[in-house]
Each structure stands twice: as structure tokens, then as C-alpha cells.
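First up is the structure itself, then whatever we jot down about it.
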Amino acid sequence: MTDSTRAAIVTGANSGLGLECARALLATDPSWHVVLAVRDPRRGAAAVQRLGAEQRCTVMQLDLASLASVRGFIDDSRAGVLPPIRAVICNAGVQVVSGVQSTADGYEMTFGVNHLGHFALVRGLLDTLHAPARIVVVSSRTHDPARFTGMPHPRYTSGAALARPPGDLTAEEGRRRYTTSKLCNLLFCYELDRRLDHGAQGMTVNAFDPGLMPGSGLGRDYSPRSGSPGVTYYLHCAFFPVSTAPALPGATSQLWRRTRATTV
Ligand SMILES: NC(=O)c1ccc[n+]([C@@H]2O[C@H](COP(=O)([O-])OP(=O)(O)OC[C@H]3O[C@@H](n4cnc5c(N)ncnc54)[C@H](OP(=O)(O)O)[C@@H]3O)[C@@H](O)[C@H]2O)c1
């Protein structure tokens, strides 16, 4: 299947930043085999064609909105077909602003996909990772009220309220659920890093903020009905060094190089 000696799992690798991350990994070193962990294997197969490296890619089905799917993915990863897994890139993400949607398990969708699904994935894969290994979680600066992002500040009251938010169905609250899910990503990284002894076990954990990438599919749920991201968002685009698009090296190669591990 492959001569590559180590595997990197990239969630949501069929489009946007995930696809460009896969491309950058393949270009970085011939020893990498990339697992495209995607919810639609046909879109994954199309992405492999675009990458032009069929021998060095495996498409595996993963729906982060279903904990059964996450468990199935973990079981398949243990089947021994892949090279040793040395990297997990938690990249997939959604931003649901047109009301509240739920995962297969009944959790709010943005929280369920961005945080909970990735949490379950990483927890389930931990004992199959081969050190030295790295875990990268794609976060965002929108979790930080001190940043001028135009997004509502995150609001954490309780785990139960994140999982099944009461009441407010406005687009503003949908955007807040996104920034709160990104705060969860960050807190997860800090705690996992602490539990892995800050790299002493040969596994590093990093959160990575790619910057604003207006050209990706993340805003697909925005519509005239759900409103725009807000004036401050456009001011941000106009006056700040906006990254960019995922395909630009400035966004994607940093995902790998600016993270802490240097040994993998
Ligand atoms: N765009 C920005 O400005 C920006 C800024 C900061 C951080 N980020 C972060 O960057 C990451 C990548 O986003 P992007 O901008 O590249 O957006 P994108 O183009 O929409 O890509 C998101 C990917 O996530 C996948 N995905 C969505 N729901 C999933 C599920 N239930 N299970 C598995 N995969 C699922 C999508 O698959 P489908 O194609 O099947 O939908 C898609 O491949 C996200 O974590 C996002 O929060 C983005």
C-alpha cells in the first residue's frame, strides 16, 4: 500500500485548511502517509485525486457528529493496516448559526463536532500513538475577548449548557457557540498537555490558530436570514493582516512548523 513509515491523521482533510495541511505534509517528507478522516468518503477520494498521491493516502470515514462513528474510526485505526500513527491533526470544524442542530448523540452540533468529537477521537487514539508523536488542535483566536475579531465572546456556564443549550436560537448565539467551542479546544489542549507531562512522554500537544481564512467553507451556514458576521468582522478583514486562504503557505505550513514538536 505504502512505503511511508509514519501516519498522520487529518480530520476534515477533504477541503479547506485540512486539505492544504494534507498537501503540505505530503510535500514535507516522503515518510508521511496521510489518513484523510472525512465524513464523506467520496469527497475524501476526490481530495486524494487532487493531492495526486494515492499511494501515500488512505481515506477513512469519520463523522465527528456521531460518537459511534468516532469509535468505529478508532477501531479501524487499530486494525494494523496503517504505518505507526505519529500525528493527529484535529482540524474539522463547523459553525452552525441557523438555529440549533444536534449530533447523533443529541449534543449541540458546533460543540459536538469541534470539541466533543475530537476529544473522543484523541482519547481513543492515545494508546495507539507511537512516540514521538504530536497532537495538533486547530483552534482560533475568537475564544479570546481581548482580540478584535468581531465574534461574540465565548460563554461557558456548564458542560450541560454547552451540550444542550437552552433557548436562544439567534445567529449571534450560534456564533457564540462557535467561539465557545474554540475555547474548549484550547482548554482541552492545555489539560491534555499537562496529563502527558508537557512532552516528557514523547507526545506534544499544540493548539494552532490559522488566522482568518474567509475563502474556506466554514461560513457555509451563513445566510441573509442568519445575518452577517458583523461590522467588526469586515473591519478586521480591512485593517488586520488577514491570513488569507488555506492554500497559502502562510496559513498551512505554519500549522506544522510553528507547533512545538521538532522531533516528529
Ligand atoms: N476559516 C477561518 O477563518 C478559520 C479561522 C480560525 C480557525 N479556523 C478553523 O480551521 C479549521 C478548518 O476550517 P476551514 O476554515 O478549513 O473550514 P472548511 O473548509 O469548512 O473545512 C471544514 C472541514 O471539516 C469537515 N467537517 C465538518 N463537519 C464534520 C463532521 N461532523 N465530521 C467530520 N468532518 C467534518 C468538513 O467536511 P465536509 O466537507 O464533509 O463538510 C470540512 O472538510 C476549523 O477547525 C476552524 O474552526 C478557521
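So you can find residues: chains in the C-alpha cells are A, B, ... in the order shown, residues in each start at 1, and ligands are numbered from 1 in order.
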Write out as a PyMOL selection string each polymer residue (protein, DNA or RNA) that has an atom no more than 6 Å from ligand 1, with only C-alpha atoms and all ligand atoms counted. chain A and resi 12-18+38-40+62-65+91-94+113+138-140+209-214+216-218
All helix (DSSP H, G or I) residues (DSSP, backbone) inside range 57-206 of chain A, as number ranges by chain: A: 67-77, 109-128, 141-143, 159-163, 171-195, 197-199
May I have the residues within 6 Å of range 151-166 of chain A as a list in words, using only C-alpha atoms and disregarding those fewer than 3 positions away in the same chain?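 Listing them by chain and then by number gives Tyr107, Glu108, His143, Pro145, Arg176, Thr179 and Thr180 of chain A.
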Report as a VMD selection string: the residues of range 38-226 of chain A with a DSSP assignment of strand (DSSP E), based on the backbone of this structure. chain A and resid 38 57 to 61 85 to 90 129 to 138 203 to 208
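In this model, the gap between CA of Ala131 in chain A and CA of Met60 in chain A comes to 22.4 Å.
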Which residues are near range 70-81 of chain A? Cut-off 9 Å, only C-alpha atoms, ignore same chain within fewer than 3 positions. Put them as a list in words.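 The residues satisfying every condition are Met1, Ala37, Met60, Gln61, Leu62, Asp63, Leu64, Ala65, Ser66, Leu67, Pro84, Ile85, Gly117, His118, Ala120, Leu121, Gly124, Leu125 and Thr128 of chain A.
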Output C-alpha atoms for every residue in the selection just made, as an mmCIF file, in the first residue's frame.
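This is the output file out.cif:
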data_model
loop_
_atom_site.group_PDB
_atom_site.id
_atom_site.type_symbol
_atom_site.label_atom_id
_atom_site.label_comp_id
_atom_site.auth_asym_id
_atom_site.auth_seq_id
_atom_site.Cartn_x
_atom_site.Cartn_y
_atom_site.Cartn_z
ATOM 1 C CA MET A 1 0.000 0.000 0.000
ATOM 2 C CA ALA A 37 -10.522 11.294 8.143
ATOM 3 C CA MET A 60 -11.273 6.663 6.329
ATOM 4 C CA GLN A 61 -14.830 7.510 7.263
ATOM 5 C CA LEU A 62 -15.202 9.674 10.365
ATOM 6 C CA ASP A 63 -18.277 11.641 11.343
ATOM 7 C CA LEU A 64 -17.379 13.684 14.382
ATOM 8 C CA ALA A 65 -21.071 14.291 14.963
ATOM 9 C CA SER A 66 -21.500 10.638 15.927
ATOM 10 C CA LEU A 67 -19.632 9.038 18.815
ATOM 11 C CA PRO A 84 2.616 3.745 13.007
ATOM 12 C CA ILE A 85 0.450 6.752 13.828
ATOM 13 C CA GLY A 117 -15.892 14.503 18.705
ATOM 14 C CA HIS A 118 -12.221 15.460 18.666
ATOM 15 C CA ALA A 120 -13.316 11.358 21.993
ATOM 16 C CA LEU A 121 -11.091 10.740 18.986
ATOM 17 C CA GLY A 124 -9.448 6.806 21.949
ATOM 18 C CA LEU A 125 -6.276 7.010 19.885
ATOM 19 C CA THR A 128 -2.138 3.659 19.692
#
Closest-contact table, range 118-182 of chain A side, partner range 97-105 of chain A, 7 Å, counting only C-alpha atoms, as JSON lines:
{"residue": "A:Leu169", "atom": "CA", "partner": "A:Gly99", "partner_atom": "CA", "distance": 4.9}
{"residue": "A:Thr170", "atom": "CA", "partner": "A:Gly99", "partner_atom": "CA", "distance": 6.5}
{"residue": "A:Ala171", "atom": "CA", "partner": "A:Val97", "partner_atom": "CA", "distance": 4.6}
{"residue": "A:Gly174", "atom": "CA", "partner": "A:Val97", "partner_atom": "CA", "distance": 4.2}
{"residue": "A:Arg175", "atom": "CA", "partner": "A:Val97", "partner_atom": "CA", "distance": 6.0}
C-alpha atoms of the current selection, written as a compact mmCIF listing (two decimals), in the first residue's frame:
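And here's result_4.txt as it stands now:
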# COMPACT_ATOMS: atom_id res chain seq x y z
CA LEU A 169 -31.74 30.38 18.60
CA THR A 170 -30.31 33.61 17.18
CA ALA A 171 -27.36 33.65 14.79
CA GLY A 174 -24.72 30.36 17.07
CA ARG A 175 -21.53 32.36 16.59
Could you work out how far CA of Phe111 in chain A lies from CA of Glu173 in chain A, giving the answer in Å with one decimal?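 CA of Glu173 in chain A sits 12.4 Å away from CA of Phe111 in chain A.
In this comparison, which uses only C-alpha atoms, the residue of A:Ala200, A:Cys184, A:Ile89, A:Val137 approaching Gly112 in chain A most closely is A:Cys184.
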Closest to Val10 in chain A among A:Pro83, A:Gly106, A:Gly167, A:Gly44, using only C-alpha atoms?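 Going through A:Pro83, A:Gly106, A:Gly167, A:Gly44 one by one, the smallest distance to Val10 in chain A is for A:Gly44.
We find CA of Trp32 in chain A and CA of Arg141 in chain A to be spaced 29.0 Å apart.
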